[in-house]
$ cat my_file-v7.tsv   # TSV, C-alpha atoms
chain	number	residue	atom	x	y	z
A	1	MET	CA	0.08	-24.06	3.00
A	2	ALA	CA	-0.52	-22.93	-0.58
A	3	GLU	CA	3.08	-22.68	-1.78
A	4	SER	CA	1.77	-23.61	-5.23
A	5	ASN	CA	-1.19	-21.97	-6.93
A	6	PRO	CA	-4.43	-23.41	-5.54
A	7	TRP	CA	-6.56	-21.43	-8.06
A	8	ARG	CA	-7.47	-22.52	-11.59
A	9	THR	CA	-8.21	-19.94	-14.29
A	10	LEU	CA	-10.91	-21.05	-16.73
A	11	SER	CA	-11.18	-17.93	-18.86
A	12	SER	CA	-10.06	-14.33	-18.89
A	13	ARG	CA	-11.47	-11.14	-20.41
A	14	ILE	CA	-10.66	-7.45	-20.22
A	15	ALA	CA	-13.75	-5.83	-18.69
A	16	TYR	CA	-12.40	-2.27	-18.71
A	17	ARG	CA	-9.30	-0.49	-19.88
A	18	ASN	CA	-7.98	3.04	-19.92
A	19	GLU	CA	-4.51	4.50	-20.39
A	20	TRP	CA	-3.38	3.56	-16.88
A	21	ILE	CA	-5.28	0.46	-15.75
A	22	SER	CA	-6.98	-2.65	-17.08
A	23	VAL	CA	-9.64	-4.63	-15.27
A	24	ARG	CA	-9.34	-8.32	-16.05
A	25	GLU	CA	-12.21	-10.55	-15.05
A	26	ASP	CA	-11.26	-14.21	-14.78
A	27	GLU	CA	-13.55	-17.17	-14.34
A	28	VAL	CA	-11.88	-19.29	-11.69
A	29	ILE	CA	-12.04	-22.46	-9.65
A	30	ARG	CA	-11.29	-21.26	-6.14
A	31	PRO	CA	-9.04	-23.06	-3.65
A	32	ASP	CA	-12.18	-24.54	-2.03
A	33	GLY	CA	-13.20	-26.08	-5.38
A	34	GLY	CA	-16.07	-23.66	-5.98
A	35	ARG	CA	-16.52	-21.73	-9.18
A	36	GLY	CA	-16.40	-17.95	-9.20
A	37	ILE	CA	-14.92	-14.83	-10.73
A	38	TYR	CA	-11.87	-12.76	-9.84
A	39	GLY	CA	-11.54	-9.14	-10.94
A	40	VAL	CA	-7.87	-8.17	-11.16
A	41	ILE	CA	-6.80	-4.54	-11.57
A	42	GLU	CA	-3.75	-4.67	-13.81
A	43	ILE	CA	-1.34	-1.80	-13.20
A	44	ARG	CA	2.23	-1.40	-14.43
A	45	PRO	CA	4.95	-1.77	-11.82
A	46	SER	CA	5.57	1.53	-10.06
A	47	VAL	CA	8.40	3.29	-8.27
A	48	GLY	CA	8.84	5.36	-5.12
A	49	VAL	CA	11.89	7.42	-4.16
A	50	VAL	CA	13.31	8.43	-0.79
A	51	ALA	CA	15.37	11.42	-1.99
A	52	LEU	CA	17.70	12.91	0.61
A	53	ASN	CA	19.75	16.08	0.28
A	54	ALA	CA	23.07	16.88	1.97
A	55	SER	CA	21.21	18.29	5.01
A	56	ALA	CA	19.43	14.94	5.61
A	57	GLU	CA	16.17	16.42	4.38
A	58	ILE	CA	13.71	14.29	2.41
A	59	ALA	CA	11.75	15.47	-0.65
A	60	LEU	CA	7.99	15.12	-0.09
A	61	VAL	CA	5.41	16.06	-2.69
A	62	ARG	CA	2.08	17.60	-1.79
A	63	GLN	CA	-0.77	17.08	-4.19
A	64	TRP	CA	-4.53	16.69	-4.35
A	65	ARG	CA	-5.47	13.05	-4.85
A	66	TYR	CA	-8.61	12.69	-6.95
A	67	THR	CA	-9.27	9.18	-5.65
A	68	SER	CA	-9.21	10.02	-1.95
A	69	GLY	CA	-10.51	13.59	-2.30
A	70	ARG	CA	-7.73	14.85	-0.06
A	71	CYS	CA	-4.40	16.60	-0.27
A	72	THR	CA	-1.61	14.18	0.66
A	73	LEU	CA	2.10	14.36	1.40
A	74	GLU	CA	4.00	11.50	-0.25
A	75	ILE	CA	7.43	10.56	-1.48
A	76	PRO	CA	7.79	11.07	-5.26
A	77	ARG	CA	6.03	8.04	-6.77
A	78	GLY	CA	4.54	6.99	-10.04
A	79	GLY	CA	3.92	4.23	-12.52
A	80	SER	CA	6.49	2.94	-14.98
A	81	SER	CA	5.98	3.49	-18.69
A	82	ASP	CA	6.93	1.72	-21.91
A	83	ALA	CA	9.75	4.23	-22.31
A	84	ASP	CA	11.43	3.16	-19.05
A	85	THR	CA	14.16	0.60	-19.66
A	86	SER	CA	14.22	-0.42	-15.98
A	87	MET	CA	12.62	0.38	-12.65
A	88	LEU	CA	15.67	2.48	-11.80
A	89	ASP	CA	15.13	4.37	-15.05
A	90	ALA	CA	11.51	4.98	-14.01
A	91	ALA	CA	12.66	6.17	-10.58
A	92	ARG	CA	15.13	8.63	-12.15
A	93	ARG	CA	12.34	9.95	-14.37
A	94	GLU	CA	9.84	10.34	-11.50
A	95	LEU	CA	12.30	12.21	-9.30
A	96	ARG	CA	13.17	14.54	-12.16
A	97	GLU	CA	9.55	15.08	-13.26
A	98	GLU	CA	8.05	15.59	-9.82
A	99	CYS	CA	10.85	17.34	-7.96
A	100	GLY	CA	13.33	18.52	-10.61
A	101	TYR	CA	16.34	16.62	-9.27
A	102	ALA	CA	18.86	14.13	-10.62
A	103	ALA	CA	20.79	11.91	-8.19
A	104	SER	CA	24.31	10.54	-8.42
A	105	SER	CA	23.68	7.64	-6.04
A	106	TRP	CA	20.81	5.16	-6.09
A	107	THR	CA	20.20	2.35	-3.61
A	108	GLU	CA	17.43	-0.24	-3.79
A	109	LEU	CA	15.10	-0.37	-0.81
A	110	GLY	CA	13.22	-3.46	-1.98
A	111	SER	CA	9.74	-3.65	-3.42
A	112	VAL	CA	6.26	-3.77	-1.92
A	113	ASP	CA	2.99	-5.30	-3.10
A	114	VAL	CA	0.33	-2.59	-3.22
A	115	CYS	CA	-3.33	-3.45	-2.68
A	116	ASN	CA	-2.43	-7.13	-2.90
A	117	GLY	CA	-5.50	-9.23	-3.61
A	118	VAL	CA	-6.97	-6.50	-5.84
A	119	THR	CA	-4.24	-5.01	-8.03
A	120	THR	CA	-1.02	-6.31	-9.60
A	121	ASP	CA	0.91	-3.20	-8.52
A	122	VAL	CA	4.43	-3.83	-7.27
A	123	GLN	CA	6.19	-0.66	-6.20
A	124	HIS	CA	9.99	-0.61	-6.36
A	125	LEU	CA	11.51	1.62	-3.70
A	126	PHE	CA	14.80	3.48	-4.03
A	127	VAL	CA	16.97	5.85	-2.05
A	128	ALA	CA	18.46	8.72	-4.04
A	129	THR	CA	21.31	10.89	-2.78
A	130	GLY	CA	23.86	13.21	-4.35
A	131	LEU	CA	21.09	15.45	-5.69
A	132	THR	CA	21.50	18.07	-8.42
A	133	TRP	CA	18.79	20.51	-9.50
A	134	VAL	CA	17.88	19.95	-13.17
A	135	GLY	CA	14.45	21.60	-13.32
A	136	THR	CA	11.00	20.02	-13.23
A	137	HIS	CA	9.24	18.39	-16.13
A	138	GLN	CA	5.87	17.79	-14.51
A	139	GLU	CA	3.19	16.10	-16.55
A	140	ALA	CA	0.57	18.68	-17.44
A	141	VAL	CA	-2.04	16.83	-15.44
A	142	GLU	CA	-0.06	17.08	-12.19
A	143	GLN	CA	-0.03	20.03	-9.86
A	144	ILE	CA	2.40	19.16	-7.15
A	145	ALA	CA	4.76	21.00	-4.84
A	146	THR	CA	7.97	19.67	-3.32
A	147	GLU	CA	8.59	20.23	0.38
A	148	TRP	CA	11.92	19.44	2.03
A	149	ARG	CA	11.58	18.08	5.57
A	150	PRO	CA	14.19	16.85	8.05
A	151	PHE	CA	14.18	13.09	7.66
A	152	GLY	CA	13.49	12.66	11.38
A	153	ASP	CA	10.28	14.70	10.96
A	154	ALA	CA	9.20	12.46	8.08
A	155	VAL	CA	9.72	9.40	10.29
A	156	ARG	CA	7.57	10.98	12.98
A	157	MET	CA	4.88	11.84	10.40
A	158	ALA	CA	4.94	8.27	9.03
A	159	LEU	CA	4.55	6.89	12.55
A	160	THR	CA	1.82	9.22	13.77
A	161	GLY	CA	-0.29	9.24	10.64
A	162	GLU	CA	0.48	12.69	9.23
A	163	ILE	CA	1.79	10.78	6.23
A	164	THR	CA	-0.91	8.29	5.27
A	165	GLU	CA	0.12	7.12	1.79
A	166	VAL	CA	1.18	3.58	2.49
A	167	CYS	CA	4.20	3.25	0.17
A	168	SER	CA	5.63	6.45	1.63
A	169	VAL	CA	5.12	5.12	5.16
A	170	ALA	CA	6.77	1.81	4.25
A	171	ALA	CA	9.69	3.43	2.40
A	172	ILE	CA	10.45	6.04	5.08
A	173	LEU	CA	10.29	3.52	7.93
A	174	ARG	CA	12.28	0.91	5.99
A	175	TYR	CA	15.02	3.40	5.30
A	176	SER	CA	14.97	4.58	8.91
A	177	GLY	CA	15.22	1.00	10.18
A	178	LEU	CA	17.92	-0.10	7.75
A	179	PHE	CA	20.05	3.02	8.07
A	180	PRO	CA	19.35	4.21	11.60
A	181	HIS	CA	22.13	6.79	11.58
A	182	SER	CA	20.99	8.58	8.45
A	183	GLY	CA	19.14	11.42	10.10
A	184	ALA	CA	16.83	9.72	12.55
A	185	ASN	CA	15.76	6.27	13.48
A	186	CYS	CA	12.22	5.22	14.25
B	1	MET	CA	-0.44	24.04	-3.35
B	2	ALA	CA	-3.72	22.30	-4.08
B	3	GLU	CA	-5.24	22.35	-0.59
B	4	SER	CA	-8.64	22.54	-2.31
B	5	ASN	CA	-9.79	20.26	-5.10
B	6	PRO	CA	-8.27	21.44	-8.40
B	7	TRP	CA	-10.25	18.84	-10.40
B	8	ARG	CA	-13.78	19.21	-11.77
B	9	THR	CA	-15.99	16.19	-12.31
B	10	LEU	CA	-18.29	16.52	-15.34
B	11	SER	CA	-19.92	13.10	-15.31
B	12	SER	CA	-19.56	9.74	-13.67
B	13	ARG	CA	-20.45	6.19	-14.68
B	14	ILE	CA	-19.84	2.72	-13.30
B	15	ALA	CA	-17.79	0.95	-15.97
B	16	TYR	CA	-17.45	-2.37	-14.12
B	17	ARG	CA	-18.70	-3.86	-10.87
B	18	ASN	CA	-18.36	-7.13	-9.03
B	19	GLU	CA	-18.99	-8.15	-5.43
B	20	TRP	CA	-15.77	-6.53	-4.18
B	21	ILE	CA	-14.90	-3.59	-6.43
B	22	SER	CA	-16.46	-0.98	-8.70
B	23	VAL	CA	-14.68	0.84	-11.47
B	24	ARG	CA	-16.00	4.38	-11.79
B	25	GLU	CA	-15.02	6.34	-14.88
B	26	ASP	CA	-15.36	10.08	-14.49
B	27	GLU	CA	-15.11	12.72	-17.16
B	28	VAL	CA	-12.97	15.44	-15.63
B	29	ILE	CA	-11.39	18.82	-16.10
B	30	ARG	CA	-7.84	18.31	-14.90
B	31	PRO	CA	-5.88	20.77	-12.73
B	32	ASP	CA	-4.19	22.02	-15.93
B	33	GLY	CA	-7.60	22.86	-17.45
B	34	GLY	CA	-7.53	20.00	-19.95
B	35	ARG	CA	-10.38	17.57	-20.34
B	36	GLY	CA	-9.86	13.87	-19.66
B	37	ILE	CA	-11.08	10.78	-17.85
B	38	TYR	CA	-10.24	9.32	-14.46
B	39	GLY	CA	-10.84	5.66	-13.66
B	40	VAL	CA	-11.30	5.19	-9.92
B	41	ILE	CA	-11.31	1.72	-8.34
B	42	GLU	CA	-13.85	1.93	-5.55
B	43	ILE	CA	-13.09	-0.44	-2.69
B	44	ARG	CA	-14.64	-0.51	0.78
B	45	PRO	CA	-12.39	0.61	3.63
B	46	SER	CA	-10.27	-2.27	4.89
B	47	VAL	CA	-8.56	-3.33	8.10
B	48	GLY	CA	-5.21	-4.80	9.11
B	49	VAL	CA	-4.29	-6.25	12.51
B	50	VAL	CA	-0.97	-6.52	14.35
B	51	ALA	CA	-1.96	-9.34	16.73
B	52	LEU	CA	0.57	-10.09	19.46
B	53	ASN	CA	0.46	-12.95	21.93
B	54	ALA	CA	1.89	-13.01	25.47
B	55	SER	CA	5.29	-14.16	24.11
B	56	ALA	CA	5.59	-11.05	21.89
B	57	GLU	CA	4.93	-13.15	18.79
B	58	ILE	CA	2.93	-11.71	15.89
B	59	ALA	CA	0.30	-13.60	13.89
B	60	LEU	CA	1.19	-13.69	10.18
B	61	VAL	CA	-0.98	-15.37	7.57
B	62	ARG	CA	0.48	-17.21	4.62
B	63	GLN	CA	-1.66	-17.45	1.51
B	64	TRP	CA	-1.48	-17.62	-2.26
B	65	ARG	CA	-2.38	-14.26	-3.81
B	66	TYR	CA	-4.18	-14.68	-7.10
B	67	THR	CA	-3.31	-11.13	-8.18
B	68	SER	CA	0.44	-11.40	-7.70
B	69	GLY	CA	0.73	-15.12	-8.46
B	70	ARG	CA	2.82	-15.63	-5.35
B	71	CYS	CA	2.51	-16.88	-1.82
B	72	THR	CA	2.80	-13.99	0.64
B	73	LEU	CA	3.16	-13.54	4.38
B	74	GLU	CA	0.95	-10.73	5.68
B	75	ILE	CA	-0.76	-9.53	8.82
B	76	PRO	CA	-4.44	-10.56	8.95
B	77	ARG	CA	-6.18	-8.08	6.63
B	78	GLY	CA	-9.39	-7.74	4.74
B	79	GLY	CA	-12.16	-5.53	3.48
B	80	SER	CA	-15.02	-4.27	5.61
B	81	SER	CA	-18.55	-5.45	4.90
B	82	ASP	CA	-22.06	-4.09	5.31
B	83	ALA	CA	-22.39	-6.21	8.44
B	84	ASP	CA	-19.51	-4.42	10.18
B	85	THR	CA	-20.75	-1.63	12.43
B	86	SER	CA	-17.27	-0.05	12.64
B	87	MET	CA	-13.70	-0.55	11.45
B	88	LEU	CA	-12.91	-2.06	14.86
B	89	ASP	CA	-15.77	-4.48	14.34
B	90	ALA	CA	-14.29	-5.42	10.94
B	91	ALA	CA	-10.86	-5.90	12.54
B	92	ARG	CA	-12.32	-8.19	15.22
B	93	ARG	CA	-14.03	-10.23	12.50
B	94	GLU	CA	-10.91	-10.51	10.33
B	95	LEU	CA	-8.72	-11.67	13.23
B	96	ARG	CA	-11.32	-14.27	14.21
B	97	GLU	CA	-11.95	-15.44	10.63
B	98	GLU	CA	-8.34	-15.64	9.51
B	99	CYS	CA	-6.54	-16.68	12.71
B	100	GLY	CA	-9.26	-17.89	15.09
B	101	TYR	CA	-8.52	-15.41	17.88
B	102	ALA	CA	-10.44	-12.84	19.88
B	103	ALA	CA	-8.56	-10.01	21.63
B	104	SER	CA	-9.34	-8.22	24.88
B	105	SER	CA	-7.33	-5.10	24.00
B	106	TRP	CA	-7.43	-3.09	20.78
B	107	THR	CA	-5.32	-0.04	19.96
B	108	GLU	CA	-5.58	2.09	16.82
B	109	LEU	CA	-2.42	2.34	14.74
B	110	GLY	CA	-3.80	4.93	12.31
B	111	SER	CA	-4.90	4.39	8.76
B	112	VAL	CA	-3.07	4.27	5.43
B	113	ASP	CA	-4.10	5.13	1.87
B	114	VAL	CA	-3.57	2.10	-0.34
B	115	CYS	CA	-2.77	2.51	-4.03
B	116	ASN	CA	-3.58	6.19	-3.74
B	117	GLY	CA	-4.25	7.70	-7.15
B	118	VAL	CA	-5.92	4.50	-8.35
B	119	THR	CA	-8.16	3.09	-5.60
B	120	THR	CA	-10.22	4.56	-2.76
B	121	ASP	CA	-8.92	1.95	-0.30
B	122	VAL	CA	-8.15	3.25	3.18
B	123	GLN	CA	-6.84	0.55	5.47
B	124	HIS	CA	-7.39	1.01	9.21
B	125	LEU	CA	-4.61	-0.55	11.27
B	126	PHE	CA	-5.02	-1.97	14.77
B	127	VAL	CA	-2.97	-3.67	17.44
B	128	ALA	CA	-4.69	-6.59	19.19
B	129	THR	CA	-3.42	-8.12	22.43
B	130	GLY	CA	-4.90	-10.29	25.15
B	131	LEU	CA	-5.63	-13.05	22.67
B	132	THR	CA	-7.99	-15.98	23.26
B	133	TRP	CA	-8.44	-18.90	20.85
B	134	VAL	CA	-12.04	-19.05	19.61
B	135	GLY	CA	-11.59	-21.16	16.44
B	136	THR	CA	-11.39	-20.09	12.83
B	137	HIS	CA	-14.28	-19.16	10.60
B	138	GLN	CA	-12.40	-18.80	7.31
B	139	GLU	CA	-14.38	-17.81	4.27
B	140	ALA	CA	-14.66	-20.85	2.00
B	141	VAL	CA	-12.64	-19.10	-0.69
B	142	GLU	CA	-9.62	-18.59	1.55
B	143	GLN	CA	-6.91	-21.11	2.24
B	144	ILE	CA	-4.62	-19.49	4.71
B	145	ALA	CA	-2.33	-20.62	7.50
B	146	THR	CA	-1.35	-18.64	10.58
B	147	GLU	CA	2.32	-18.52	11.59
B	148	TRP	CA	3.49	-17.04	14.88
B	149	ARG	CA	6.82	-15.24	14.64
B	150	PRO	CA	8.82	-13.28	17.21
B	151	PHE	CA	7.91	-9.66	16.60
B	152	GLY	CA	11.58	-8.77	16.16
B	153	ASP	CA	11.78	-11.28	13.29
B	154	ALA	CA	8.75	-9.66	11.65
B	155	VAL	CA	10.44	-6.27	11.88
B	156	ARG	CA	13.53	-7.69	10.21
B	157	MET	CA	11.40	-9.31	7.49
B	158	ALA	CA	9.54	-6.02	6.88
B	159	LEU	CA	12.85	-4.18	6.58
B	160	THR	CA	14.66	-6.65	4.35
B	161	GLY	CA	11.79	-7.44	2.02
B	162	GLU	CA	10.83	-10.93	3.17
B	163	ILE	CA	7.47	-9.34	3.93
B	164	THR	CA	6.45	-7.43	0.81
B	165	GLU	CA	2.75	-6.68	1.36
B	166	VAL	CA	2.83	-2.95	1.92
B	167	CYS	CA	0.18	-2.56	4.64
B	168	SER	CA	1.92	-5.27	6.67
B	169	VAL	CA	5.27	-3.50	6.25
B	170	ALA	CA	3.73	-0.18	7.30
B	171	ALA	CA	1.84	-1.64	10.27
B	172	ILE	CA	4.75	-3.68	11.65
B	173	LEU	CA	7.22	-0.79	11.33
B	174	ARG	CA	4.74	1.74	12.73
B	175	TYR	CA	4.14	-0.42	15.77
B	176	SER	CA	7.86	-1.03	16.19
B	177	GLY	CA	8.58	2.69	16.00
B	178	LEU	CA	5.73	3.78	18.27
B	179	PHE	CA	6.27	1.08	20.88
B	180	PRO	CA	10.00	0.36	20.68
B	181	HIS	CA	10.05	-1.81	23.81
B	182	SER	CA	7.32	-4.19	22.70
B	183	GLY	CA	9.54	-6.98	21.43
B	184	ALA	CA	11.95	-5.25	19.11
B	185	ASN	CA	12.48	-1.87	17.60
B	186	CYS	CA	13.45	-1.22	14.03
$ encode --input "my_file-v7.tsv" --output "structure tokens"
Amino acid sequence: MAESNPWRTLSSRIAYRNEWISVREDEVIRPDGGRGIYGVIEIRPSVGVVALNASAEIALVRQWRYTSGRCTLEIPRGGSSDADTSMLDAARRELREECGYAASSWTELGSVDVCNGVTTDVQHLFVATGLTWVGTHQEAVEQIATEWRPFGDAVRMALTGEITEVCSVAAILRYSGLFPHSGANC
Amino acid sequence: MAESNPWRTLSSRIAYRNEWISVREDEVIRPDGGRGIYGVIEIRPSVGVVALNASAEIALVRQWRYTSGRCTLEIPRGGSSDADTSMLDAARRELREECGYAASSWTELGSVDVCNGVTTDVQHLFVATGLTWVGTHQEAVEQIATEWRPFGDAVRMALTGEITEVCSVAAILRYSGLFPHSGANC
């Protein structure tokens, strides 16, 4: 069912915009034929990185999240910018900015749709190995700390809910399932 | 670092609102002491259900997603409403509305933060078993079809990127990791 678009867009306007997001409100004809509106949060594609050192430890970043009002432990993640020539380029930048590392080896871990039905965010996941310290270049707004954890511990935290950020859960468990001998399987 | 809130909120206004989301724009003092704004997408808590029948098959729903402009395969998911007395109540309603099933057994699979840093969405994940057909009550706006797949196939699809919706990936792989003998492990 619905392999082709069952929605019709009648009009489109930007209802709100800041530096990071736009809210687009469309007038639509819904799949059931009724008329309505759809508010779409437009976000640039984003990236998330499973960065593993030679001791099979993963880099996790701890930071206060303004939106959830909690401190969370996540993989290094962030939005792409105009300056990024590719998603891999964005991933390299995020890992350097948030954790201070460059990586000699990058592997794609697929992408995930984030908050599908509300936002346009697609997060591209990568595995980074062969790490070299190059120093952090954190954005002024960020106040984050990197913690290195045995990958098996991160898998346990993703399973039991100590890690709650959904892209981190998906990335850690995907990597664990695809490469079960890389430190720990789930 | 940052175990207590390093942000200060100076003012708050609703910049946009529809039936499903609000956009709140706050004036803030950032962790670095600079002044700025933060646009928060306020969404009600949501639910996602890993529903398994007696043959260890999982219910997946196929639908066109207006936001991504693609057809996706996801676990039954949706937002909570004022009428829901609990997240479990919302999960029962979603499974009935989207797939037409009631379940005699419900197990919590933890929650996940969705689009953390942009939205307030927390999705509560459940496992439903002991399924009984009660008929669908799909919202008029939805046009979705339920597909039953061997749970092991769903794990493979979550790992390889055939399933891209991030809460579905997280829920399927969490269940697979926590209950490795329930059809297939990852």
$ residues_around --input "my_file-v7.tsv" --residues "Val155 of chain A" --least-positions-apart "3" --cutoff "12 Å" --atoms "only C-alpha atoms" --output "NGL selection string"
(:A and (50 or 57-58 or 60 or 149-152 or 158-164 or 168-177 or 180 or 182-186)) or (:B and (170 or 173-174 or 177-178 or 186))
$ calpha_fit_rmsd --input "my_file-v7.tsv" --fixed "chain A" --moving "chain B"
0.0 Å
$ closest_residue --input "my_file-v7.tsv" --among "A:Thr136, A:Val118, A:Asn53, A:Glu74" --to "chain B" --atoms "all atoms listed in the file"
A:Val118
$ residues_around --input "my_file-v7.tsv" --residues "Glu25 of chain A" --least-positions-apart "5" --cutoff "10 Å" --atoms "only C-alpha atoms" --output "PyMOL selection string"
(chain A and resi 11-16+37-41) or (chain B and resi 16+18)
$ residues_near_point --input "my_file-v7.tsv" --point "(0.1, -15.4, -3.2)" --cutoff "10 Å" --atoms "all atoms listed in the file" --output "PyMOL selection string"
(chain A and resi 2-6+116-117) or (chain B and resi 62-73)
$ atom_distance --input "my_file-v7.tsv" --atom1 "atom CA of Pro45 of chain A" --atom2 "atom CA of Gln143 of chain B"
26.7 Å
$ closest_residue --input "my_file-v7.tsv" --among "B:Ala54, B:Ala83, B:Val127, B:Val122" --to "chain A" --atoms "all atoms listed in the file"
B:Val122
$ atom_distance --input "my_file-v7.tsv" --atom1 "atom CA of Thr119 of chain B" --atom2 "atom CA of Gly100 of chain B"
29.5 Å
